[in-house]
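*Asks:* Okay, so here is input-v4.cif, and as you'll see once you scroll down, it has mmCIF, C-alpha atoms.
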data_upload
loop_
_atom_site.label_atom_id
_atom_site.label_comp_id
_atom_site.auth_asym_id
_atom_site.auth_seq_id
_atom_site.Cartn_x
_atom_site.Cartn_y
_atom_site.Cartn_z
CA MET A 8 24.05 11.05 -2.38
CA ALA A 9 21.01 10.98 -0.21
CA GLU A 10 22.18 13.85 1.95
CA ALA A 11 22.24 16.12 -1.01
CA GLN A 12 18.51 15.86 -1.42
CA GLY A 13 16.68 18.99 -0.39
CA ASP A 14 13.98 17.53 1.82
CA LYS A 15 16.35 15.31 3.79
CA THR A 16 17.22 18.28 6.00
CA LEU A 17 13.65 18.47 7.27
CA THR A 18 12.63 16.94 10.54
CA LEU A 19 10.90 13.63 10.54
CA SER A 20 7.44 15.04 11.06
CA GLU A 21 7.94 17.58 8.33
CA GLN A 22 9.00 14.84 6.01
CA TYR A 23 5.85 12.87 6.61
CA HIS A 24 3.66 15.89 6.31
CA LEU A 25 2.57 16.43 2.77
CA LYS A 26 2.00 20.07 2.00
CA GLY A 27 -1.24 20.96 0.23
CA ASN A 28 -2.31 19.51 -3.10
CA GLU A 29 -0.45 22.16 -4.98
CA GLU A 30 3.09 21.35 -4.06
CA LYS A 31 3.56 17.64 -3.80
CA ALA A 32 7.12 16.57 -3.55
CA ASN A 33 8.93 16.67 -6.82
CA VAL A 34 10.85 13.55 -7.41
CA GLY A 35 13.33 13.48 -10.20
CA ILE A 36 15.67 10.73 -11.20
CA LYS A 37 18.79 12.43 -9.92
CA PRO A 38 18.02 14.90 -7.18
CA GLU A 39 21.61 15.93 -6.67
CA GLU A 40 21.85 17.24 -10.18
CA VAL A 41 18.41 18.58 -10.73
CA LYS A 42 18.25 20.21 -7.36
CA GLU A 43 19.47 23.66 -8.32
CA VAL A 44 17.15 23.76 -11.25
CA GLN A 45 14.18 22.38 -9.41
CA ASN A 46 13.84 25.20 -6.97
CA PRO A 47 13.37 28.14 -9.32
CA GLU A 48 11.18 25.99 -11.49
CA ASN A 49 9.07 25.15 -8.49
CA ALA A 50 8.73 28.70 -7.37
CA ALA A 51 7.67 29.81 -10.77
CA SER A 52 5.23 27.04 -11.36
CA LYS A 53 3.43 26.71 -8.06
CA GLU A 54 0.34 28.47 -9.35
CA VAL A 55 0.10 26.54 -12.57
CA VAL A 56 0.89 23.12 -11.23
CA ALA A 57 -2.28 21.66 -12.66
CA ASP A 58 -1.39 22.70 -16.18
CA LYS A 59 2.24 21.93 -15.73
CA ALA A 60 1.62 18.32 -14.94
CA GLU A 61 1.02 17.78 -18.62
CA GLU A 62 4.20 19.37 -19.85
CA THR A 63 6.52 18.38 -17.06
CA PRO A 64 8.10 15.43 -18.84
CA ALA A 65 9.20 17.52 -21.76
CA ALA A 66 10.34 20.37 -19.56
CA ALA A 67 12.26 18.12 -17.27
CA ALA A 68 13.90 16.37 -20.15
CA ALA A 69 15.01 19.70 -21.53
CA VAL A 70 16.29 20.71 -18.13
CA ALA A 71 18.14 17.48 -17.77
CA SER A 72 19.89 17.84 -21.09
CA GLU A 73 20.84 21.42 -20.27
CA GLU A 74 22.19 20.27 -16.99
CA SER A 75 24.35 17.53 -18.32
CA SER A 76 25.83 19.76 -21.02
CA GLY A 77 26.40 22.59 -18.55
CA SER A 78 28.11 20.75 -15.75
CA THR A 79 31.60 19.33 -15.96
CA PRO A 80 31.69 16.09 -17.88
CA THR A 81 33.72 14.18 -15.29
CA ALA A 82 31.30 14.86 -12.48
CA VAL A 83 28.38 13.82 -14.60
CA GLY A 84 30.12 10.64 -15.56
CA GLU A 85 30.87 9.63 -12.01
CA GLU A 86 27.51 10.41 -10.59
CA SER A 87 25.61 8.91 -13.42
CA THR A 88 27.36 5.60 -13.12
CA GLU A 89 26.50 5.50 -9.47
CA ASP A 90 22.91 6.29 -10.15
CA ASN A 91 22.61 3.89 -12.96
CA THR A 92 23.97 0.96 -11.08
CA GLY A 93 21.45 1.70 -8.39
CA ALA A 94 18.66 1.88 -10.87
CA ALA A 95 19.83 -1.26 -12.60
CA GLU A 96 19.89 -3.20 -9.37
CA ASN A 97 16.41 -2.06 -8.57
CA SER A 98 14.99 -2.99 -11.85
CA THR A 99 16.61 -6.38 -12.00
CA GLU A 100 15.40 -7.24 -8.57
CA ALA A 101 11.94 -5.98 -9.02
CA ALA A 102 11.10 -6.74 -12.59
CA PRO A 103 13.08 -9.45 -14.26
CA GLU A 104 11.09 -9.00 -17.43
CA GLU A 105 11.96 -5.42 -17.91
CA SER A 106 15.44 -5.70 -16.60
CA SER A 107 16.92 -6.47 -19.98
CA GLU A 108 15.96 -3.20 -21.58
CA ASN A 109 16.57 -1.18 -18.46
CA THR A 110 20.04 -2.46 -17.86
CA GLU A 111 20.92 -1.81 -21.46
CA ASN A 112 19.76 1.73 -21.09
CA SER A 113 21.21 2.41 -17.73
CA GLY A 114 24.63 1.32 -18.77
CA GLU A 115 24.84 4.53 -20.79
CA GLN A 116 23.86 8.07 -20.05
CA GLU A 117 20.74 7.93 -22.17
CA VAL A 118 18.47 7.46 -19.18
CA GLU A 119 19.44 10.75 -17.68
CA GLU A 120 18.76 12.74 -20.77
CA GLU A 121 15.31 11.45 -21.53
CA THR A 122 13.78 10.66 -18.15
CA PRO A 123 10.81 12.89 -17.49
CA GLU A 124 10.42 14.24 -13.99
CA VAL A 125 7.74 12.40 -12.04
CA LYS A 126 5.44 14.42 -9.85
CA LEU A 127 3.90 12.55 -6.94
CA GLU A 128 0.39 13.83 -7.23
CA THR A 129 -2.98 12.20 -7.30
CA ALA A 130 -6.65 12.77 -6.68
CA PRO A 131 -7.06 14.36 -3.24
CA ALA A 132 -9.19 12.90 -0.48
CA ASP A 133 -12.76 13.98 -1.02
CA PHE A 134 -15.09 14.74 1.87
CA ARG A 135 -18.04 13.47 -0.10
CA PHE A 136 -16.49 10.03 0.01
CA PRO A 137 -14.93 9.53 3.42
CA THR A 138 -15.43 5.78 3.59
CA THR A 139 -13.51 2.79 2.37
CA ASN A 140 -15.93 2.41 -0.51
CA GLN A 141 -14.66 4.69 -3.26
CA THR A 142 -16.79 3.35 -6.08
CA ARG A 143 -18.89 6.48 -6.36
CA HIS A 144 -15.83 8.67 -6.01
CA CYS A 145 -14.49 7.28 -9.25
CA PHE A 146 -17.89 7.45 -10.96
CA THR A 147 -18.54 11.00 -9.81
CA ARG A 148 -15.18 12.22 -11.05
CA TYR A 149 -15.83 10.62 -14.41
CA VAL A 150 -19.22 12.26 -14.67
CA GLU A 151 -17.82 15.59 -13.48
CA TYR A 152 -15.19 15.54 -16.20
CA HIS A 153 -17.66 14.88 -18.95
CA ARG A 154 -20.12 17.47 -17.67
CA CYS A 155 -17.27 19.93 -17.47
CA VAL A 156 -16.29 19.17 -21.06
CA ALA A 157 -19.89 19.51 -22.16
CA ALA A 158 -20.13 22.89 -20.50
CA LYS A 159 -16.72 24.39 -21.22
CA GLY A 160 -15.90 22.68 -24.48
CA GLU A 161 -13.39 20.03 -25.44
CA GLY A 162 -9.90 20.59 -24.06
CA ALA A 163 -10.86 23.24 -21.53
CA PRO A 164 -7.93 23.54 -19.12
CA GLU A 165 -10.11 23.56 -15.99
CA CYS A 166 -11.50 20.14 -16.87
CA GLU A 167 -8.11 18.49 -17.02
CA LYS A 168 -7.91 18.00 -13.27
CA PHE A 169 -11.12 15.97 -13.27
CA ALA A 170 -9.66 13.81 -16.00
CA LYS A 171 -6.56 13.20 -13.93
CA TYR A 172 -8.69 12.37 -10.90
CA TYR A 173 -10.88 9.82 -12.57
CA ARG A 174 -7.91 8.23 -14.30
CA SER A 175 -6.25 7.86 -10.93
CA LEU A 176 -9.30 6.39 -9.28
CA CYS A 177 -11.03 4.26 -11.87
CA PRO A 178 -9.76 0.94 -13.17
CA GLY A 179 -8.91 1.17 -16.85
CA GLU A 180 -11.48 -1.45 -17.68
CA TRP A 181 -14.28 0.62 -16.20
CA VAL A 182 -13.27 3.73 -18.07
CA GLU A 183 -13.17 1.81 -21.32
CA ARG A 184 -16.63 0.41 -20.73
CA TRP A 185 -18.05 3.80 -19.82
CA ASN A 186 -16.48 5.39 -22.88
CA GLU A 187 -18.17 2.78 -25.02
CA GLN A 188 -21.46 3.37 -23.28
CA ARG A 189 -21.20 7.08 -23.84
CA GLU A 190 -20.62 6.49 -27.54
CA ASN A 191 -23.67 4.28 -27.69
CA GLY A 192 -25.69 6.67 -25.61
CA THR A 193 -26.31 4.10 -22.91
CA PHE A 194 -24.23 5.66 -20.13
CA PRO A 195 -26.24 5.42 -16.92
CA GLY A 196 -25.05 8.65 -15.36
CA PRO A 197 -26.24 12.27 -15.48
CA LEU A 198 -24.10 13.66 -18.27
CA MET B 13 19.76 -31.17 14.69
CA ILE B 14 16.41 -30.20 13.29
CA VAL B 15 15.81 -28.07 16.34
CA LEU B 16 19.14 -26.36 15.74
CA GLU B 17 18.09 -25.66 12.21
CA TRP B 18 14.91 -24.06 13.42
CA LEU B 19 16.79 -21.97 15.87
CA PHE B 20 19.75 -20.78 13.89
CA LEU B 21 19.78 -21.80 10.28
CA THR B 22 16.42 -20.65 9.10
CA ILE B 23 16.43 -17.84 6.65
CA ALA B 24 14.05 -15.46 8.32
CA PRO B 25 12.93 -12.60 6.13
CA CYS B 26 11.42 -10.16 8.59
CA ASP B 27 8.60 -9.14 6.31
CA ALA B 28 7.39 -12.55 5.24
CA ALA B 29 5.92 -15.50 7.05
CA GLU B 30 8.55 -17.81 8.50
CA PRO B 31 8.43 -21.39 9.81
CA TRP B 32 6.99 -21.74 13.29
CA GLN B 33 6.19 -18.12 13.53
CA LEU B 34 3.96 -17.25 16.48
CA GLY B 35 3.94 -13.48 16.64
CA SER B 36 3.19 -10.79 14.10
CA GLN B 37 5.58 -9.74 11.41
CA ASP B 38 7.53 -6.56 12.00
CA ALA B 39 5.39 -3.50 11.55
CA ALA B 40 6.05 -1.35 8.53
CA THR B 41 3.23 1.14 8.90
CA PRO B 42 1.83 3.08 11.86
CA MET B 43 -1.36 1.10 11.36
CA MET B 44 0.37 -2.21 11.96
CA GLN B 45 2.18 -0.73 14.92
CA GLY B 46 -1.17 0.28 16.36
CA ILE B 47 -2.58 -3.19 15.83
CA MET B 48 0.38 -4.82 17.56
CA ASP B 49 0.25 -2.40 20.48
CA LEU B 50 -3.45 -3.05 20.95
CA HIS B 51 -2.80 -6.77 20.82
CA HIS B 52 -0.11 -6.55 23.48
CA ASP B 53 -2.18 -4.28 25.71
CA ILE B 54 -5.16 -6.59 25.59
CA PHE B 55 -2.97 -9.62 26.06
CA PHE B 56 -1.75 -8.29 29.40
CA PHE B 57 -5.27 -8.25 30.82
CA LEU B 58 -6.04 -11.50 29.08
CA ILE B 59 -3.24 -13.21 30.98
CA LEU B 60 -4.42 -11.72 34.29
CA ILE B 61 -7.92 -13.07 33.72
CA LEU B 62 -6.55 -16.42 32.64
CA VAL B 63 -4.51 -16.77 35.82
CA PHE B 64 -7.40 -15.70 38.02
CA VAL B 65 -9.93 -18.04 36.44
CA SER B 66 -7.54 -20.99 36.37
CA ARG B 67 -6.79 -20.46 40.02
CA ILE B 68 -10.46 -20.67 40.92
CA LEU B 69 -10.95 -23.71 38.76
CA VAL B 70 -7.88 -25.63 39.95
CA ARG B 71 -8.60 -24.79 43.57
CA ALA B 72 -12.15 -26.11 43.30
CA LEU B 73 -10.95 -29.29 41.67
CA TRP B 74 -8.22 -29.73 44.24
CA HIS B 75 -10.49 -29.43 47.24
CA PHE B 76 -13.28 -31.53 45.78
CA HIS B 77 -11.88 -34.76 47.19
CA TYR B 78 -13.57 -37.72 48.87
CA LYS B 79 -10.94 -38.05 51.60
CA LYS B 80 -10.08 -34.42 52.31
CA ASN B 81 -13.60 -33.05 52.11
CA PRO B 82 -15.97 -36.02 52.49
CA ILE B 83 -19.00 -33.75 52.86
CA PRO B 84 -19.12 -31.21 50.03
CA GLN B 85 -20.71 -27.85 50.60
CA ARG B 86 -24.11 -27.54 48.98
CA ILE B 87 -24.30 -23.85 48.15
CA VAL B 88 -26.55 -23.17 45.17
CA HIS B 89 -27.21 -19.48 45.71
CA GLY B 90 -25.04 -16.46 46.54
CA THR B 91 -26.47 -13.15 45.47
CA THR B 92 -23.32 -11.09 46.03
CA ILE B 93 -21.01 -13.35 44.09
CA GLU B 94 -23.52 -13.68 41.29
CA ILE B 95 -23.81 -9.93 40.86
CA LEU B 96 -20.06 -9.54 40.92
CA ARG B 97 -19.36 -12.23 38.38
CA THR B 98 -21.93 -10.76 36.03
CA ILE B 99 -20.96 -7.12 36.28
CA PHE B 100 -17.19 -7.43 36.06
CA PRO B 101 -16.96 -9.63 32.99
CA SER B 102 -19.30 -7.30 31.15
CA ILE B 103 -17.32 -4.21 32.08
CA ILE B 104 -14.02 -5.63 30.91
CA PRO B 105 -15.03 -5.96 27.22
CA MET B 106 -16.27 -2.40 27.31
CA PHE B 107 -12.87 -1.19 28.40
CA ILE B 108 -11.25 -3.27 25.70
CA ALA B 109 -13.66 -1.79 23.15
CA ILE B 110 -12.49 1.79 23.69
CA PRO B 111 -8.96 1.51 22.26
CA SER B 112 -10.15 -1.08 19.80
CA PHE B 113 -12.73 1.18 18.18
CA ALA B 114 -10.36 4.11 18.27
CA LEU B 115 -7.87 2.09 16.27
CA LEU B 116 -10.50 0.72 13.94
CA TYR B 117 -11.83 4.12 12.95
CA SER B 118 -8.43 5.72 12.70
CA MET B 119 -7.45 3.04 10.21
CA ASP B 120 -10.36 4.00 7.99
CA GLU B 121 -9.66 7.67 8.14
CA VAL B 122 -7.77 9.40 5.40
CA VAL B 123 -5.97 12.14 7.27
CA VAL B 124 -3.94 13.74 4.52
CA ASP B 125 -4.22 13.75 0.78
CA PRO B 126 -2.42 10.76 -0.65
CA ALA B 127 0.52 11.32 -2.94
CA ILE B 128 -0.02 8.40 -5.24
CA THR B 129 -2.84 6.07 -6.12
CA ILE B 130 -2.22 2.47 -7.03
CA LYS B 131 -4.96 0.24 -8.28
CA ALA B 132 -4.58 -3.39 -7.29
CA ILE B 133 -6.87 -5.41 -9.49
CA GLY B 134 -7.32 -9.07 -8.68
CA HIS B 135 -7.74 -11.60 -11.45
CA GLN B 136 -8.01 -15.35 -11.50
CA TRP B 137 -5.12 -15.87 -10.74
CA TYR B 138 -2.78 -12.97 -10.91
CA ARG B 139 -2.83 -9.33 -10.03
CA THR B 140 -2.75 -6.28 -12.20
CA TYR B 141 -1.39 -3.03 -10.88
CA GLU B 142 -2.24 0.29 -12.47
CA TYR B 143 -0.28 3.43 -11.79
CA SER B 144 -2.48 5.95 -13.52
CA ASP B 145 -1.42 9.21 -11.92
CA TYR B 146 0.87 9.92 -14.83
CA ASN B 147 -1.58 9.28 -17.63
CA SER B 148 -2.44 12.01 -20.04
CA SER B 149 -5.14 10.06 -21.85
CA ASP B 150 -7.40 7.12 -21.15
CA GLU B 151 -4.63 4.84 -22.43
CA GLN B 152 -2.98 3.05 -19.53
CA SER B 153 0.66 3.98 -19.52
CA LEU B 154 1.98 2.10 -16.51
CA THR B 155 0.20 -1.17 -15.93
CA PHE B 156 1.66 -4.56 -15.29
CA ASP B 157 0.63 -8.05 -14.27
CA SER B 158 2.12 -9.77 -11.29
CA TYR B 159 2.28 -13.55 -11.44
CA THR B 160 3.67 -15.92 -8.88
CA ILE B 161 7.00 -17.55 -9.71
CA PRO B 162 6.49 -21.29 -10.22
CA GLU B 163 8.33 -23.60 -7.88
CA ASP B 164 10.69 -24.82 -10.60
CA ASP B 165 11.88 -21.34 -11.45
CA LEU B 166 12.72 -20.24 -7.94
CA GLU B 167 16.23 -19.05 -7.31
CA LEU B 168 18.16 -19.70 -4.14
CA GLY B 169 16.83 -17.59 -1.30
CA GLN B 170 13.43 -16.93 -2.81
CA SER B 171 10.39 -18.01 -0.86
CA ARG B 172 8.14 -20.65 -2.31
CA LEU B 173 4.71 -19.38 -3.35
CA LEU B 174 5.57 -15.90 -2.16
CA GLU B 175 7.65 -14.44 -4.98
CA VAL B 176 6.15 -12.71 -7.96
CA ASP B 177 7.68 -11.66 -11.24
CA ASN B 178 6.67 -8.00 -11.00
CA ARG B 179 6.58 -6.42 -7.59
CA VAL B 180 4.49 -3.42 -6.65
CA VAL B 181 6.98 -0.64 -6.18
CA VAL B 182 5.91 2.11 -3.81
CA PRO B 183 7.76 5.06 -2.33
CA ALA B 184 8.53 4.79 1.37
CA LYS B 185 7.41 7.45 3.84
CA THR B 186 4.70 8.62 1.48
CA HIS B 187 0.97 8.50 1.85
CA LEU B 188 -0.39 5.93 -0.54
CA ARG B 189 -3.90 5.26 -1.65
CA ILE B 190 -4.46 1.73 -2.78
CA ILE B 191 -7.67 0.99 -4.60
CA VAL B 192 -8.53 -2.67 -4.36
CA THR B 193 -10.93 -4.27 -6.77
CA PRO B 194 -11.17 -7.53 -8.71
CA ALA B 195 -12.13 -8.10 -12.31
CA ASP B 196 -13.87 -11.43 -11.80
CA VAL B 197 -14.51 -13.11 -8.43
CA PRO B 198 -13.85 -11.77 -4.93
CA HIS B 199 -10.17 -11.56 -4.09
CA SER B 200 -8.27 -9.97 -1.30
CA TRP B 201 -5.19 -7.83 -0.95
CA ALA B 202 -3.34 -8.54 2.26
CA VAL B 203 0.12 -7.55 3.43
CA PRO B 204 0.62 -8.42 7.10
CA SER B 205 3.59 -6.11 7.71
CA SER B 206 1.59 -3.10 6.66
CA GLY B 207 -1.49 -4.15 8.58
CA VAL B 208 -3.60 -4.38 5.47
CA LYS B 209 -6.14 -6.99 4.60
CA CYS B 210 -8.71 -5.65 2.23
CA ASP B 211 -11.28 -7.70 0.41
CA ALA B 212 -11.72 -7.01 -3.27
CA VAL B 213 -15.38 -7.10 -4.18
CA PRO B 214 -16.52 -7.12 -7.81
CA GLY B 215 -18.01 -3.83 -8.90
CA ARG B 216 -16.73 -1.99 -5.89
CA LEU B 217 -13.58 0.00 -5.22
CA ASN B 218 -12.14 -0.36 -1.76
CA GLN B 219 -9.64 2.17 -0.61
CA ILE B 220 -6.86 1.67 1.86
CA SER B 221 -4.43 4.37 2.80
CA ILE B 222 -1.08 3.39 4.14
CA SER B 223 2.29 4.97 4.61
CA VAL B 224 5.17 2.53 4.61
CA GLN B 225 7.76 3.75 7.08
CA ARG B 226 10.80 1.83 5.95
CA GLU B 227 12.23 0.51 2.74
CA GLY B 228 11.91 -3.21 2.27
CA VAL B 229 10.15 -6.03 0.54
CA TYR B 230 6.82 -7.04 2.05
CA TYR B 231 5.06 -10.28 1.32
CA GLY B 232 1.41 -11.15 1.50
CA GLN B 233 -1.02 -13.69 0.16
CA CYS B 234 -4.52 -13.76 -1.18
CA SER B 235 -6.91 -14.00 1.76
CA GLU B 236 -10.20 -14.66 0.10
CA ILE B 237 -10.87 -17.99 -1.55
CA CYS B 238 -10.77 -17.01 -5.19
CA GLY B 239 -10.59 -20.34 -6.98
CA THR B 240 -8.20 -23.14 -7.77
CA ASN B 241 -5.05 -21.08 -7.70
CA HIS B 242 -5.94 -19.13 -4.62
CA ALA B 243 -2.72 -20.29 -2.98
CA PHE B 244 -0.66 -19.11 -5.92
CA THR B 245 -1.51 -15.42 -6.00
CA PRO B 246 0.91 -13.78 -3.63
CA ILE B 247 1.48 -10.06 -3.18
CA VAL B 248 4.92 -8.50 -3.02
CA VAL B 249 5.31 -4.84 -2.16
CA GLU B 250 8.69 -3.25 -2.53
CA ALA B 251 9.13 0.05 -0.74
CA VAL B 252 11.95 2.16 -2.16
CA PRO B 253 13.16 5.66 -1.36
CA ARG B 254 11.21 8.40 -3.05
CA LYS B 255 13.81 9.37 -5.57
CA ASP B 256 14.28 5.78 -6.66
CA TYR B 257 10.55 5.54 -7.10
CA GLY B 258 10.62 8.60 -9.30
CA SER B 259 13.37 7.24 -11.47
CA ARG B 260 11.70 3.88 -11.68
CA VAL B 261 8.39 5.29 -12.77
CA SER B 262 9.99 7.52 -15.34
CA ASN B 263 12.03 4.61 -16.66
CA GLN B 264 8.90 2.57 -17.11
CA LEU B 265 6.94 5.42 -18.62
CA ILE B 266 9.46 5.99 -21.38
CA PRO B 267 8.49 3.08 -23.63
CA GLN B 268 4.94 4.40 -23.87
CA THR B 269 5.20 8.16 -23.66
CA GLY B 270 8.78 8.94 -24.58
CA GLU B 271 10.51 8.68 -27.92
CA ALA B 272 8.00 11.21 -29.12
#
If you convert what's in this file into structure tokens, what do you get?

*Replies:*
Amino acid sequence: MAEAQGDKTLTLSEQYHLKGNEEKANVGIKPEEVKEVQNPENAASKEVVADKAEETPAAAAAVASEESSGSTPTAVGEESTEDNTGAAENSTEAAPEESSENTENSGEQEVEEETPEVKLETAPADFRFPTTNQTRHCFTRYVEYHRCVAAKGEGAPECEKFAKYYRSLCPGEWVERWNEQRENGTFPGPL
Amino acid sequence: MIVLEWLFLTIAPCDAAEPWQLGSQDAATPMMQGIMDLHHDIFFFLILILVFVSRILVRALWHFHYKKNPIPQRIVHGTTIEILRTIFPSIIPMFIAIPSFALLYSMDEVVVDPAITIKAIGHQWYRTYEYSDYNSSDEQSLTFDSYTIPEDDLELGQSRLLEVDNRVVVPAKTHLRIIVTPADVPHSWAVPSSGVKCDAVPGRLNQISISVQREGVYYGQCSEICGTNHAFTPIVVEAVPRKDYGSRVSNQLIPQTGEA
């Protein structure tokens, strides 16, 4: 199961080494099945990763459903049960609260069809903020996003990355408070 | 019998504190490995100094005796020995400082871009974890609270005051960025196996970057007095293989984003 994964063939140091921001490792729920599909998708989408991040769930879900209908039913059945038991174990161990719904799901094949692919990607390290204190990193990204929106207009695709960055870095509570302050016109930053 | 129990019958989870533990817990990150290596290196010289100093001390005590040496020597000055015992002890800390600072600064440094960001937010007295890399709006899509499991609800094999209901799940062998901050009073986020002990200061975001090298469950406790239930806010990190992390995150995302 694990051997089938693409990156397992790499050497240890290559495994640890994360390639640039653009191609972070793609992690899907069932690498052995998605693998063939992943590669062409990757190659095609390297340039537009930033935009793709938004649509990936839908795309992956579509891919997954294609996959399961395309491949032989017996193989899917076997592998999926394996996977699901693994997933069920995990979830019961880790999160007793959620385990009830997860185990229900994972008993069937539903999970496979609707799980979106998860891309391991986050705000990159920023040379303006090399220290442990990242408070201004979060604030700056928030301000950058809203300045970008002010300049390029609502929903401009080049602003989306700033939005992702500040969402990754800032606690939800802070973002809520700042949003309120912006509405009231009391936001203390250079917007 | 009790001794036997200590020796053989203790359940010893390698990534949690255990009874009568003297050494560090097993390292799970290169950072912790570095800390342990530095500790062992310094300890070697520490023992040498200890032996040397104790020898001088014991010898002086031994020979200071009213029968064996009725007339004690009355030396109060010795320029050579005084210079030596001033210079050498001040050089030794300098040599210890070199690897120590190297380690200290390398722990701060973020060498590669992290793959995921997790926000560990301390509350009185629980922790909230936010996985916001997968958000498409300001709505939090993957956020959960992590409470300690009360003593009465513990199952067999679980550690008292160390288990939580929702563990932090992280991918192993991946560069993580953990943003530590509290929502009320100062807290701390400490996991000994990963060599992390980071204070959470209100209004400030502290970043730690770690890369857990092996799958496992790592236990830690709050390390900054944060109020009455300070002792009841443990931290449990569960490192899983990358693909399991992916499936787990997507499973948890579904209730919020899916079905649409």

*Asks:* Any idea what the distance is between CA of Gly258 in chain B and CA of Leu127 in chain A?

*Replies:*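 Interatomic distance here is 8.1 Å.
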
*Asks:* Could you write out as lines of an AutoDock Vina configuration file the box around range 232-242 of chain B (axis-aligned, all atoms listed in the file, 5 Å on each side), with centre and edge lengths in Å to one decimal?

*Replies:*
center_x = -4.7
center_y = -17.1
center_z = -3.0
size_x = 22.3
size_y = 22.0
size_z = 19.5

*Asks:* One number please: CA of Tyr173 in chain A to CA of Ala130 in chain A, in Å, one decimal.

*Replies:*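 Computed distance, CA of Tyr173 in chain A to CA of Ala130 in chain A, equals 7.8 Å.
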
*Asks:* Could you name the residues that touch Glu227 in chain B at 6 Å or less, counting all atoms listed in the file, but leaving out those on the same chain fewer than 6 positions away, as a list in words?

*Replies:*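 Once the nearby chain positions are removed, what remains is Ala184, Ala251 and Val252 of chain B.
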
*Asks:* For the point (11.4, -6.3, -3.1) in the file's frame, write as a PyMOL selection string all residues with an atom no more than 10 Å away, counting all atoms listed in the file.

*Replies:* (chain A and resi 97+100-102) or (chain B and resi 175-176+178-181+227-231+248-252)
